[in-house]
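Colleague: What follows is upload19.cif, mmCIF, C-alpha atoms.
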```cif
data_final
loop_
_atom_site.group_PDB
_atom_site.id
_atom_site.type_symbol
_atom_site.label_atom_id
_atom_site.label_comp_id
_atom_site.auth_asym_id
_atom_site.auth_seq_id
_atom_site.Cartn_x
_atom_site.Cartn_y
_atom_site.Cartn_z
ATOM 1 C CA ASN J 1 43.913 94.433 90.019
ATOM 2 C CA ILE J 2 46.279 91.798 88.619
ATOM 3 C CA PHE J 3 43.570 89.149 88.387
ATOM 4 C CA ASN J 4 41.307 91.355 86.299
ATOM 5 C CA ALA J 5 44.246 92.207 84.054
ATOM 6 C CA TRP J 6 45.041 88.535 83.489
ATOM 7 C CA ASP J 7 41.352 87.722 83.045
ATOM 8 C CA ARG J 8 41.139 90.309 80.291
ATOM 9 C CA THR J 9 44.259 88.870 78.648
ATOM 10 C CA VAL J 10 42.747 85.358 78.636
ATOM 11 C CA ILE J 11 39.496 86.677 77.169
ATOM 12 C CA SER J 12 41.060 88.910 74.526
ATOM 13 C CA ASN J 13 43.590 86.292 73.397
ATOM 14 C CA ASN J 14 41.139 83.429 73.760
ATOM 15 C CA SER J 15 43.970 81.317 75.173
ATOM 16 C CA ALA J 16 45.421 80.068 78.468
ATOM 17 C CA GLN J 17 47.754 82.340 80.481
ATOM 18 C CA THR J 18 50.170 81.329 83.246
ATOM 19 C CA TYR J 19 51.744 83.703 85.756
ATOM 20 C CA GLU J 20 53.266 83.878 89.241
ATOM 21 C CA THR J 21 52.001 86.050 92.062
ATOM 22 C CA VAL J 22 52.344 86.468 95.819
ATOM 23 C CA LEU J 23 49.332 86.229 98.126
ATOM 24 C CA SER J 24 48.969 86.884 101.843
ATOM 25 C CA HIS J 25 47.364 84.169 103.984
ATOM 26 C CA PRO J 26 45.090 84.932 106.967
ATOM 27 C CA ASP J 27 47.988 84.248 109.355
ATOM 28 C CA GLY J 28 50.000 87.012 107.678
ATOM 29 C CA SER J 29 52.412 84.701 105.843
ATOM 30 C CA ARG J 30 53.113 85.382 102.174
ATOM 31 C CA HIS J 31 53.042 82.564 99.623
ATOM 32 C CA ASP J 32 54.107 82.292 96.009
ATOM 33 C CA TYR J 33 51.529 80.855 93.625
ATOM 34 C CA LEU J 34 51.731 79.631 90.041
ATOM 35 C CA THR J 35 48.361 80.272 88.435
ATOM 36 C CA THR J 36 47.016 79.123 85.061
ATOM 37 C CA LYS J 37 43.783 80.587 83.688
ATOM 38 C CA LEU J 38 41.919 79.081 80.728
ATOM 39 C CA PRO J 39 38.844 80.245 78.805
ATOM 40 C CA LEU J 40 35.685 78.155 79.265
ATOM 41 C CA PHE J 41 33.371 77.670 76.285
ATOM 42 C CA ASP J 42 29.837 76.334 76.064
ATOM 43 C CA GLY J 43 28.554 73.778 73.610
ATOM 44 C CA HIS J 44 28.281 76.414 70.890
ATOM 45 C CA SER J 45 31.903 77.430 71.311
ATOM 46 C CA ASP J 46 30.845 80.678 72.893
ATOM 47 C CA PHE J 47 32.912 82.094 75.765
ATOM 48 C CA ASN J 48 31.242 81.181 79.030
ATOM 49 C CA GLY J 49 33.797 81.937 81.768
ATOM 50 C CA LEU J 50 37.240 81.154 83.137
ATOM 51 C CA ILE J 51 38.883 78.232 84.864
ATOM 52 C CA ALA J 52 41.749 79.064 87.269
ATOM 53 C CA ILE J 53 44.222 76.535 88.699
ATOM 54 C CA SER J 54 46.681 77.783 91.361
ATOM 55 C CA THR J 55 49.562 75.866 92.938
ATOM 56 C CA ASP J 56 51.489 77.000 96.011
ATOM 57 C CA ILE J 57 55.146 77.048 94.853
ATOM 58 C CA SER J 58 56.602 78.768 97.944
ATOM 59 C CA THR J 59 58.886 75.812 98.732
ATOM 60 C CA VAL J 60 60.194 75.695 95.174
ATOM 61 C CA LYS J 61 60.834 79.443 95.181
ATOM 62 C CA GLN J 62 62.687 79.190 98.491
ATOM 63 C CA LEU J 63 64.845 76.372 97.129
ATOM 64 C CA GLN J 64 65.613 78.450 94.047
ATOM 65 C CA TRP J 65 66.575 81.373 96.257
ATOM 66 C CA ASP J 66 68.757 79.191 98.504
ATOM 67 C CA LEU J 67 70.509 77.738 95.456
ATOM 68 C CA ALA J 68 71.162 81.201 94.024
ATOM 69 C CA VAL J 69 72.623 82.363 97.357
ATOM 70 C CA ALA J 70 74.798 79.241 97.600
ATOM 71 C CA LEU J 71 76.103 79.757 94.061
ATOM 72 C CA ASP J 72 76.899 83.397 94.822
ATOM 73 C CA ARG J 73 78.803 82.327 97.938
ATOM 74 C CA LEU J 74 80.757 79.729 95.989
ATOM 75 C CA LYS J 75 81.643 82.287 93.312
ATOM 76 C CA ARG J 76 82.745 84.781 95.960
ATOM 77 C CA ARG J 77 84.839 82.186 97.776
ATOM 78 C CA ALA J 78 86.486 81.082 94.521
ATOM 79 C CA ALA J 79 87.259 84.712 93.677
ATOM 80 C CA LEU J 80 88.773 85.372 97.114
ATOM 81 C CA GLU J 81 90.783 82.122 96.980
ATOM 82 C CA GLN J 82 92.176 83.233 93.635
ATOM 83 C CA LEU J 83 92.944 86.667 95.068
ATOM 84 C CA VAL J 84 94.782 85.233 98.099
ATOM 85 C CA SER J 85 96.690 82.761 95.929
ATOM 86 C CA GLY J 86 97.723 85.473 93.467
ATOM 87 C CA ILE J 87 98.857 87.862 96.204
ATOM 88 C CA THR J 88 100.922 85.188 97.917
ATOM 89 C CA THR J 89 102.519 83.962 94.686
ATOM 90 C CA ARG J 90 103.605 87.477 93.745
ATOM 91 C CA MET J 91 104.945 88.200 97.230
ATOM 92 C CA ILE J 92 106.997 85.006 97.356
ATOM 93 C CA GLY J 93 108.724 85.827 94.097
ATOM 94 C CA VAL J 94 109.175 89.565 94.623
ATOM 95 C CA GLU J 95 112.565 91.183 95.108
ATOM 96 C CA PRO J 96 113.098 92.706 98.590
ATOM 97 C CA GLU J 97 113.134 96.278 97.266
ATOM 98 C CA ALA J 98 109.720 95.721 95.613
ATOM 99 C CA LEU J 99 108.021 94.080 98.625
ATOM 100 C CA ALA J 100 106.573 97.340 99.971
ATOM 101 C CA LEU J 101 104.802 98.073 96.681
ATOM 102 C CA GLU J 102 103.481 94.508 96.548
ATOM 103 C CA ILE J 103 102.077 94.797 100.078
ATOM 104 C CA GLU J 104 100.339 98.074 99.186
ATOM 105 C CA SER J 105 98.840 96.432 96.092
ATOM 106 C CA ALA J 106 97.647 93.475 98.170
ATOM 107 C CA LEU J 107 95.985 95.753 100.735
ATOM 108 C CA ALA J 108 94.187 97.632 97.955
ATOM 109 C CA GLN J 109 92.895 94.388 96.448
ATOM 110 C CA ILE J 110 91.713 93.060 99.816
ATOM 111 C CA GLY J 111 90.102 96.372 100.750
ATOM 112 C CA LYS J 112 88.185 96.629 97.494
ATOM 113 C CA PHE J 113 87.073 92.983 97.569
ATOM 114 C CA THR J 114 85.737 93.213 101.137
ATOM 115 C CA GLU J 115 84.250 96.678 100.511
ATOM 116 C CA ALA J 116 86.254 98.129 103.396
ATOM 117 C CA ASP J 117 87.002 101.837 103.650
ATOM 118 C CA ARG J 118 90.582 101.309 104.767
ATOM 119 C CA CYS J 119 92.925 98.329 104.672
ATOM 120 C CA TYR J 120 96.331 98.588 106.295
ATOM 121 C CA LEU J 121 99.214 96.729 107.877
ATOM 122 C CA ILE J 122 100.503 97.490 111.350
ATOM 123 C CA LEU J 123 103.854 96.079 112.413
ATOM 124 C CA LEU J 124 105.456 95.929 115.840
ATOM 125 C CA ASP J 125 109.005 97.153 116.297
ATOM 126 C CA THR J 126 111.853 94.686 116.885
ATOM 127 C CA ASN J 127 111.251 94.551 120.642
ATOM 128 C CA GLY J 128 107.466 94.557 120.370
ATOM 129 C CA ASP J 129 107.246 97.732 122.465
ATOM 130 C CA SER J 130 105.415 99.854 119.881
ATOM 131 C CA PHE J 131 103.578 99.544 116.581
ATOM 132 C CA SER J 132 103.144 101.623 113.440
ATOM 133 C CA ILE J 133 101.000 101.615 110.336
ATOM 134 C CA THR J 134 103.563 100.744 107.674
ATOM 135 C CA HIS J 135 101.293 100.407 104.615
ATOM 136 C CA GLN J 136 97.740 101.647 104.032
ATOM 137 C CA TRP J 137 95.076 101.728 101.316
ATOM 138 C CA CYS J 138 92.073 104.049 101.584
ATOM 139 C CA ASP J 139 88.962 104.115 99.462
ATOM 140 C CA GLU J 140 88.232 107.256 97.485
ATOM 141 C CA GLY J 141 87.272 110.123 99.761
ATOM 142 C CA VAL J 142 88.469 108.355 102.942
ATOM 143 C CA SER J 143 91.229 110.042 104.938
ATOM 144 C CA SER J 144 94.457 108.240 105.788
ATOM 145 C CA THR J 145 95.363 107.465 109.404
ATOM 146 C CA ALA J 146 98.895 106.246 108.682
ATOM 147 C CA THR J 147 100.756 109.303 109.977
ATOM 148 C CA THR J 148 98.647 109.349 113.143
ATOM 149 C CA TYR J 149 99.710 105.877 114.214
ATOM 150 C CA GLN J 150 103.483 105.798 114.226
ATOM 151 C CA ASN J 151 105.506 104.369 117.124
ATOM 152 C CA VAL J 152 102.373 103.884 119.237
ATOM 153 C CA PRO J 153 103.377 102.417 122.640
ATOM 154 C CA ARG J 154 102.211 98.842 123.158
ATOM 155 C CA SER J 155 101.031 99.815 126.635
ATOM 156 C CA SER J 156 98.429 102.175 125.123
ATOM 157 C CA GLN J 157 96.591 99.338 123.313
ATOM 158 C CA LEU J 158 96.978 96.338 125.614
ATOM 159 C CA TYR J 159 93.471 94.943 124.991
ATOM 160 C CA MET J 160 93.921 94.944 121.214
ATOM 161 C CA LEU J 161 97.424 93.463 121.261
ATOM 162 C CA GLU J 162 96.638 90.836 123.902
ATOM 163 C CA MET J 163 93.765 89.520 121.765
ATOM 164 C CA LEU J 164 96.032 89.400 118.731
ATOM 165 C CA ASP J 165 98.806 87.773 120.800
ATOM 166 C CA TYR J 166 96.481 84.806 121.305
ATOM 167 C CA GLY J 167 96.175 84.469 117.537
ATOM 168 C CA MET J 168 92.571 85.667 117.634
ATOM 169 C CA ALA J 169 91.028 87.786 114.916
ATOM 170 C CA LEU J 170 89.312 90.866 116.339
ATOM 171 C CA ASP J 171 85.940 91.169 114.599
ATOM 172 C CA ILE J 172 84.394 94.352 115.984
ATOM 173 C CA LYS J 173 80.929 94.795 114.504
ATOM 174 C CA ASP J 174 80.066 97.962 116.409
ATOM 175 C CA VAL J 175 82.488 100.265 118.214
ATOM 176 C CA ASN J 176 79.748 101.019 120.775
ATOM 177 C CA GLU J 177 79.654 97.369 121.858
ATOM 178 C CA LEU J 178 83.301 97.173 122.924
ATOM 179 C CA PRO J 179 83.790 96.153 126.593
ATOM 180 C CA PRO J 180 85.026 98.728 129.157
ATOM 181 C CA GLU J 181 88.558 97.260 129.117
ATOM 182 C CA ALA J 182 88.791 98.152 125.422
ATOM 183 C CA TYR J 183 88.389 101.865 126.149
ATOM 184 C CA ALA J 184 91.678 102.793 124.415
ATOM 185 C CA LEU J 185 90.707 100.821 121.302
ATOM 186 C CA ARG J 186 87.318 102.520 121.274
ATOM 187 C CA GLN J 187 89.027 105.911 121.420
ATOM 188 C CA MET J 188 91.280 104.960 118.512
ATOM 189 C CA MET J 189 88.301 103.788 116.414
ATOM 190 C CA GLU J 190 86.238 106.880 117.179
ATOM 191 C CA ALA J 191 89.174 109.133 116.278
ATOM 192 C CA GLY J 192 89.259 107.463 112.867
ATOM 193 C CA THR J 193 85.431 107.561 112.562
ATOM 194 C CA ILE J 194 85.505 103.744 112.421
ATOM 195 C CA HIS J 195 82.240 101.913 113.087
ATOM 196 C CA SER J 196 83.416 98.340 112.438
ATOM 197 C CA MET J 197 86.916 96.878 112.366
ATOM 198 C CA LEU J 198 88.535 93.563 111.543
ATOM 199 C CA MET J 199 92.078 92.819 112.738
ATOM 200 C CA LEU J 200 93.912 89.675 111.598
ATOM 201 C CA PRO J 201 97.089 88.740 113.483
ATOM 202 C CA VAL J 202 100.332 88.437 111.520
ATOM 203 C CA ILE J 203 102.486 85.941 113.404
ATOM 204 C CA TYR J 204 105.895 84.561 112.499
ATOM 205 C CA GLY J 205 108.800 83.191 114.457
ATOM 206 C CA GLY J 206 106.282 82.250 117.148
ATOM 207 C CA TYR J 207 105.489 85.873 118.008
ATOM 208 C CA LEU J 208 102.927 88.487 117.070
ATOM 209 C CA ARG J 209 104.549 90.805 114.532
ATOM 210 C CA GLY J 210 101.542 92.856 113.454
ATOM 211 C CA ALA J 211 98.081 92.707 111.927
ATOM 212 C CA ILE J 212 96.148 93.253 108.728
ATOM 213 C CA CYS J 213 93.346 95.692 109.585
ATOM 214 C CA LEU J 214 90.137 96.585 107.751
ATOM 215 C CA ASP J 215 88.021 99.571 108.719
ATOM 216 C CA SER J 216 84.401 100.253 107.895
ATOM 217 C CA LEU J 217 83.132 103.758 108.540
ATOM 218 C CA HIS J 218 79.531 102.637 108.169
ATOM 219 C CA VAL J 219 77.184 100.232 109.930
ATOM 220 C CA ARG J 220 77.664 96.630 108.866
ATOM 221 C CA SER J 221 76.454 93.331 110.327
ATOM 222 C CA GLY J 222 79.973 91.926 110.488
ATOM 223 C CA TRP J 223 82.504 90.507 108.117
ATOM 224 C CA ASN J 224 81.523 87.542 105.981
ATOM 225 C CA ALA J 225 82.468 84.349 107.873
ATOM 226 C CA GLU J 226 83.888 82.616 104.813
ATOM 227 C CA ASP J 227 85.811 85.752 103.870
ATOM 228 C CA LEU J 228 87.163 85.807 107.418
ATOM 229 C CA ASP J 229 88.627 82.291 107.132
ATOM 230 C CA LEU J 230 90.459 83.124 103.907
ATOM 231 C CA LEU J 231 91.620 86.504 105.194
ATOM 232 C CA LYS J 232 93.089 84.737 108.239
ATOM 233 C CA THR J 233 94.971 82.511 105.806
ATOM 234 C CA GLN J 234 96.217 85.607 103.967
ATOM 235 C CA ALA J 235 97.525 87.045 107.247
ATOM 236 C CA VAL J 236 99.350 83.773 108.002
ATOM 237 C CA LEU J 237 100.868 83.684 104.523
ATOM 238 C CA LEU J 238 101.924 87.326 104.786
ATOM 239 C CA GLY J 239 103.666 86.468 108.053
ATOM 240 C CA GLN J 240 105.573 83.690 106.316
ATOM 241 C CA VAL J 241 106.590 86.025 103.484
ATOM 242 C CA LEU J 242 107.791 88.702 105.922
ATOM 243 C CA HIS J 243 109.684 86.071 107.903
ATOM 244 C CA SER J 244 111.344 84.793 104.734
ATOM 245 C CA HIS J 245 112.366 88.297 103.670
ATOM 246 C CA GLU J 246 113.629 89.006 107.182
ATOM 247 C CA ASN J 247 115.807 85.871 107.044
ATOM 248 C CA GLN J 248 117.085 86.800 103.586
ATOM 249 C CA ARG J 249 117.973 90.273 104.830
ATOM 250 C CA ALA J 250 119.806 88.783 107.826
ATOM 251 C CA LEU J 251 121.771 86.472 105.504
ATOM 252 C CA ARG J 252 122.681 89.378 103.229
ATOM 253 C CA ASP J 253 123.774 91.459 106.208
ATOM 254 C CA ALA J 254 125.860 88.543 107.526
ATOM 255 C CA LYS J 255 127.423 88.070 104.092
ATOM 256 C CA ASP J 256 128.194 91.782 103.789
ATOM 257 C CA GLU J 257 129.745 91.780 107.257
ATOM 258 C CA ALA J 258 131.834 88.702 106.450
ATOM 259 C CA GLU J 259 133.057 90.345 103.246
ATOM 260 C CA ARG J 260 133.868 93.539 105.137
ATOM 261 C CA LEU J 261 135.867 91.635 107.725
ATOM 262 C CA ALA J 262 137.678 89.751 104.975
ATOM 263 C CA ARG J 263 138.665 93.070 103.377
ATOM 264 C CA VAL J 264 139.829 94.438 106.721
ATOM 265 C CA LYS J 265 141.907 91.314 107.276
ATOM 266 C CA SER J 266 143.403 91.522 103.794
ATOM 267 C CA GLU J 267 144.261 95.173 104.266
ATOM 268 C CA PHE J 268 145.799 94.434 107.678
ATOM 269 C CA LEU J 269 147.919 91.611 106.298
ATOM 270 C CA ALA J 270 148.954 93.746 103.345
ATOM 271 C CA ASN J 271 150.041 96.539 105.692
ATOM 272 C CA MET J 272 151.919 94.057 107.911
ATOM 273 C CA SER J 273 153.862 92.742 104.915
ATOM 274 C CA HIS J 274 155.226 96.227 104.330
#
```
What is this structure when it is put down as structure tokens?
Modeller:
Amino acid sequence: NIFNAWDRTVISNNSAQTYETVLSHPDGSRHDYLTTKLPLFDGHSDFNGLIAISTDISTVKQLQWDLAVALDRLKRRAALEQLVSGITTRMIGVEPEALALEIESALAQIGKFTEADRCYLILLDTNGDSFSITHQWCDEGVSSTATTYQNVPRSSQLYMLEMLDYGMALDIKDVNELPPEAYALRQMMEAGTIHSMLMLPVIYGGYLRGAICLDSLHVRSGWNAEDLDLLKTQAVLLGQVLHSHENQRALRDAKDEAERLARVKSEFLANMSH
């Protein structure tokens, strides 16, 4: 066993050896130990045995583990903050004709970061009576559902849309745990072989306009809570960007209409003068 191996190392090297090991206590708990073994010599400097000193370092090891986990979480949060910031900055400055490509790029980045199988944007129509998947990213080997969900009547997914209307993120860890009133949503998830889903409401102008959705086709314990907070922020920021582009489009349309009317007036006056 490990003790005999270390004993032999101490004897053959004629020097102290220090190592860590895990031992089980009578109550079944496992403890980490730091052990030092030293050779013991008699008065004639002949080897006479070993001295072993062991210290329970379980608390230290747990603290080291907790620190490593905390550092990993901080690194992940910093990376996601940078991702959200970069996506938003690019969207704010993008030309209207390039917005669709920027949204698709953003969905791909979010999907890959969160290890989702699909990441997509659904948008409600002008009257809020139906919704469609307008942009979608799928991981390699995962089928698209975009064409399946076009002009879906609001009335067919009341549970889903009512939750989103309240500004709530829908964090569905297991499709089998959905309540009976979410039967239509369960059908939709099962049709897409979705086990877990996260839906983040996109709201602007005071109304629900859509949602950023992430699908997982495999069992997962839920979406990371810190990721969830930042992804909610991304959905809010996307809503602001869409609202801004919608206002810009309305201004351009109004300007074009005003210019058209001015031309009509000019042509009318020109014809009257003849």
Colleague: What's the 10 Å shell around range 135-149 of chain J, counting only C-alpha atoms, without same-chain residues fewer than 5 positions away, as a count of residues only?
Modeller: 30
Colleague: Take the PyMOL selection byres ((chain J and resi 203) around 9), run it mentally on this structure, and tell me the resulting residues as a VMD selection string.
Modeller: chain J and resid 165 167 201 to 202 204 to 211 235 to 236 238 to 240
Colleague: Compile the contact shell of His218 in chain J as a PDB file with C-alpha atoms, in the coordinates of the input: residues with an atom at most 8 Å away, counting only C-alpha atoms, same-chain residues fewer than 2 positions apart removed.
Modeller:
```pdb
ATOM      1  CA  ILE J 194      85.505 103.744 112.421  1.00  0.00           C
ATOM      2  CA  HIS J 195      82.240 101.913 113.087  1.00  0.00           C
ATOM      3  CA  SER J 196      83.416  98.340 112.438  1.00  0.00           C
ATOM      4  CA  SER J 216      84.401 100.253 107.895  1.00  0.00           C
ATOM      5  CA  ARG J 220      77.664  96.630 108.866  1.00  0.00           C
TER       6      ARG J 220
END
```
Colleague: Around all of range 59-62 of chain J's listed atoms, make the axis-aligned box with 8 Å on each side and tell me centre and edge lengths in Å to one decimal, as AutoDock Vina command-line options.
Modeller:
```
--center_x 60.8 --center_y 77.6 --center_z 97.0 --size_x 19.8 --size_y 19.7 --size_z 19.6
```
Colleague: Between CA of Leu83 in chain J and CA of Glu95 in chain J, measure the distance and give it in Å to one decimal.
Modeller: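 Spanning CA of Leu83 in chain J to CA of Glu95 in chain J is a straight-line distance of 20.1 Å.
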Colleague: May I have the residues within 12 Å of Asp129 in chain J as a PDB file with C-alpha atoms, keeping the file's coordinate frame, using all atoms listed in the file and disregarding those fewer than 5 positions away in the same chain?
Modeller:
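The result, written out as around.pdb:
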```pdb
ATOM      1  CA  LEU J 123     103.854  96.079 112.413  1.00  0.00           C
ATOM      2  CA  LEU J 124     105.456  95.929 115.840  1.00  0.00           C
ATOM      3  CA  ASN J 151     105.506 104.369 117.124  1.00  0.00           C
ATOM      4  CA  VAL J 152     102.373 103.884 119.237  1.00  0.00           C
ATOM      5  CA  PRO J 153     103.377 102.417 122.640  1.00  0.00           C
ATOM      6  CA  ARG J 154     102.211  98.842 123.158  1.00  0.00           C
ATOM      7  CA  SER J 155     101.031  99.815 126.635  1.00  0.00           C
ATOM      8  CA  SER J 156      98.429 102.175 125.123  1.00  0.00           C
ATOM      9  CA  GLN J 157      96.591  99.338 123.313  1.00  0.00           C
ATOM     10  CA  LEU J 158      96.978  96.338 125.614  1.00  0.00           C
ATOM     11  CA  LEU J 161      97.424  93.463 121.261  1.00  0.00           C
ATOM     12  CA  LEU J 208     102.927  88.487 117.070  1.00  0.00           C
ATOM     13  CA  ARG J 209     104.549  90.805 114.532  1.00  0.00           C
ATOM     14  CA  GLY J 210     101.542  92.856 113.454  1.00  0.00           C
TER      15      GLY J 210
END
```
Colleague: Using the chain letters and numbering of this document, enumerate as a PyMOL selection string the residues selected by the PyMOL selection byres ((chain J and resi 56) around 9).
Modeller: chain J and resi 31-35+54-55+57-60
Colleague: Could range 129-138 of chain J be completed with all heavy atoms and written as a PDB file, keeping the file's coordinate frame, please?
Modeller:
```
ATOM      1  N   ASP J 129     107.660  96.708 121.502  1.00  0.00           N
ATOM      2  CA  ASP J 129     107.246  97.732 122.465  1.00  0.00           C
ATOM      3  C   ASP J 129     106.311  98.774 121.862  1.00  0.00           C
ATOM      4  O   ASP J 129     105.646  99.509 122.593  1.00  0.00           O
ATOM      5  CB  ASP J 129     108.481  98.454 123.030  1.00  0.00           C
ATOM      6  CG  ASP J 129     109.366  97.503 123.828  1.00  0.00           C
ATOM      7  OD1 ASP J 129     108.816  96.565 124.439  1.00  0.00           O
ATOM      8  OD2 ASP J 129     110.601  97.692 123.824  1.00  0.00           O
ATOM      9  N   SER J 130     106.282  98.881 120.531  1.00  0.00           N
ATOM     10  CA  SER J 130     105.415  99.854 119.881  1.00  0.00           C
ATOM     11  C   SER J 130     105.021  99.328 118.513  1.00  0.00           C
ATOM     12  O   SER J 130     105.619  98.372 118.004  1.00  0.00           O
ATOM     13  CB  SER J 130     106.131 101.206 119.748  1.00  0.00           C
ATOM     14  OG  SER J 130     107.233 101.101 118.873  1.00  0.00           O
ATOM     15  N   PHE J 131     104.002  99.965 117.914  1.00  0.00           N
ATOM     16  CA  PHE J 131     103.578  99.544 116.581  1.00  0.00           C
ATOM     17  C   PHE J 131     103.327 100.766 115.717  1.00  0.00           C
ATOM     18  O   PHE J 131     103.079 101.886 116.210  1.00  0.00           O
ATOM     19  CB  PHE J 131     102.337  98.651 116.640  1.00  0.00           C
ATOM     20  CG  PHE J 131     101.095  99.335 117.129  1.00  0.00           C
ATOM     21  CD1 PHE J 131     100.245 100.012 116.246  1.00  0.00           C
ATOM     22  CD2 PHE J 131     100.742  99.302 118.476  1.00  0.00           C
ATOM     23  CE1 PHE J 131      99.099 100.636 116.688  1.00  0.00           C
ATOM     24  CE2 PHE J 131      99.587  99.936 118.927  1.00  0.00           C
ATOM     25  CZ  PHE J 131      98.764 100.601 118.031  1.00  0.00           C
ATOM     26  N   SER J 132     103.377 100.552 114.404  1.00  0.00           N
ATOM     27  CA  SER J 132     103.144 101.623 113.440  1.00  0.00           C
ATOM     28  C   SER J 132     102.366 101.080 112.259  1.00  0.00           C
ATOM     29  O   SER J 132     102.445  99.892 111.931  1.00  0.00           O
ATOM     30  CB  SER J 132     104.468 102.198 112.922  1.00  0.00           C
ATOM     31  OG  SER J 132     105.259 102.697 113.970  1.00  0.00           O
ATOM     32  N   ILE J 133     101.590 101.959 111.627  1.00  0.00           N
ATOM     33  CA  ILE J 133     101.000 101.615 110.336  1.00  0.00           C
ATOM     34  C   ILE J 133     102.092 101.783 109.291  1.00  0.00           C
ATOM     35  O   ILE J 133     102.603 102.885 109.089  1.00  0.00           O
ATOM     36  CB  ILE J 133      99.791 102.512 109.997  1.00  0.00           C
ATOM     37  CG1 ILE J 133      98.643 102.259 110.982  1.00  0.00           C
ATOM     38  CG2 ILE J 133      99.313 102.248 108.567  1.00  0.00           C
ATOM     39  CD1 ILE J 133      97.415 103.127 110.740  1.00  0.00           C
ATOM     40  N   THR J 134     102.461 100.691 108.641  1.00  0.00           N
ATOM     41  CA  THR J 134     103.563 100.744 107.674  1.00  0.00           C
ATOM     42  C   THR J 134     103.076 100.865 106.239  1.00  0.00           C
ATOM     43  O   THR J 134     103.773 101.399 105.381  1.00  0.00           O
ATOM     44  CB  THR J 134     104.442  99.492 107.800  1.00  0.00           C
ATOM     45  OG1 THR J 134     103.622  98.319 107.580  1.00  0.00           O
ATOM     46  CG2 THR J 134     105.069  99.411 109.188  1.00  0.00           C
ATOM     47  N   HIS J 135     101.868 100.347 105.960  1.00  0.00           N
ATOM     48  CA  HIS J 135     101.293 100.407 104.615  1.00  0.00           C
ATOM     49  C   HIS J 135      99.789 100.586 104.774  1.00  0.00           C
ATOM     50  O   HIS J 135      99.176  99.966 105.655  1.00  0.00           O
ATOM     51  CB  HIS J 135     101.562  99.121 103.823  1.00  0.00           C
ATOM     52  CG  HIS J 135     102.996  98.718 103.781  1.00  0.00           C
ATOM     53  ND1 HIS J 135     103.624  98.114 104.852  1.00  0.00           N
ATOM     54  CD2 HIS J 135     103.933  98.828 102.802  1.00  0.00           C
ATOM     55  CE1 HIS J 135     104.881  97.862 104.538  1.00  0.00           C
ATOM     56  NE2 HIS J 135     105.094  98.287 103.306  1.00  0.00           N
ATOM     57  N   GLN J 136      99.182 101.416 103.911  1.00  0.00           N
ATOM     58  CA  GLN J 136      97.740 101.647 104.032  1.00  0.00           C
ATOM     59  C   GLN J 136      97.110 101.953 102.676  1.00  0.00           C
ATOM     60  O   GLN J 136      97.703 102.659 101.855  1.00  0.00           O
ATOM     61  CB  GLN J 136      97.446 102.804 104.988  1.00  0.00           C
ATOM     62  CG  GLN J 136      95.947 103.018 105.266  1.00  0.00           C
ATOM     63  CD  GLN J 136      95.682 104.100 106.297  1.00  0.00           C
ATOM     64  OE1 GLN J 136      96.011 105.250 106.100  1.00  0.00           O
ATOM     65  NE2 GLN J 136      95.090 103.701 107.428  1.00  0.00           N
ATOM     66  N   TRP J 137      95.919 101.385 102.467  1.00  0.00           N
ATOM     67  CA  TRP J 137      95.076 101.728 101.316  1.00  0.00           C
ATOM     68  C   TRP J 137      93.801 102.341 101.855  1.00  0.00           C
ATOM     69  O   TRP J 137      93.222 101.866 102.838  1.00  0.00           O
ATOM     70  CB  TRP J 137      94.732 100.488 100.497  1.00  0.00           C
ATOM     71  CG  TRP J 137      93.626 100.742  99.501  1.00  0.00           C
ATOM     72  CD1 TRP J 137      93.736 101.254  98.244  1.00  0.00           C
ATOM     73  CD2 TRP J 137      92.222 100.528  99.705  1.00  0.00           C
ATOM     74  NE1 TRP J 137      92.519 101.370  97.643  1.00  0.00           N
ATOM     75  CE2 TRP J 137      91.560 100.939  98.514  1.00  0.00           C
ATOM     76  CE3 TRP J 137      91.467 100.049 100.768  1.00  0.00           C
ATOM     77  CZ2 TRP J 137      90.181 100.856  98.376  1.00  0.00           C
ATOM     78  CZ3 TRP J 137      90.089  99.980 100.629  1.00  0.00           C
ATOM     79  CH2 TRP J 137      89.456 100.374  99.440  1.00  0.00           C
ATOM     80  N   CYS J 138      93.335 103.417 101.208  1.00  0.00           N
ATOM     81  CA  CYS J 138      92.073 104.049 101.584  1.00  0.00           C
ATOM     82  C   CYS J 138      91.188 104.169 100.351  1.00  0.00           C
ATOM     83  O   CYS J 138      91.675 104.486  99.261  1.00  0.00           O
ATOM     84  CB  CYS J 138      92.312 105.446 102.167  1.00  0.00           C
ATOM     85  SG  CYS J 138      93.290 105.464 103.680  1.00  0.00           S
TER      86      CYS J 138
END
```
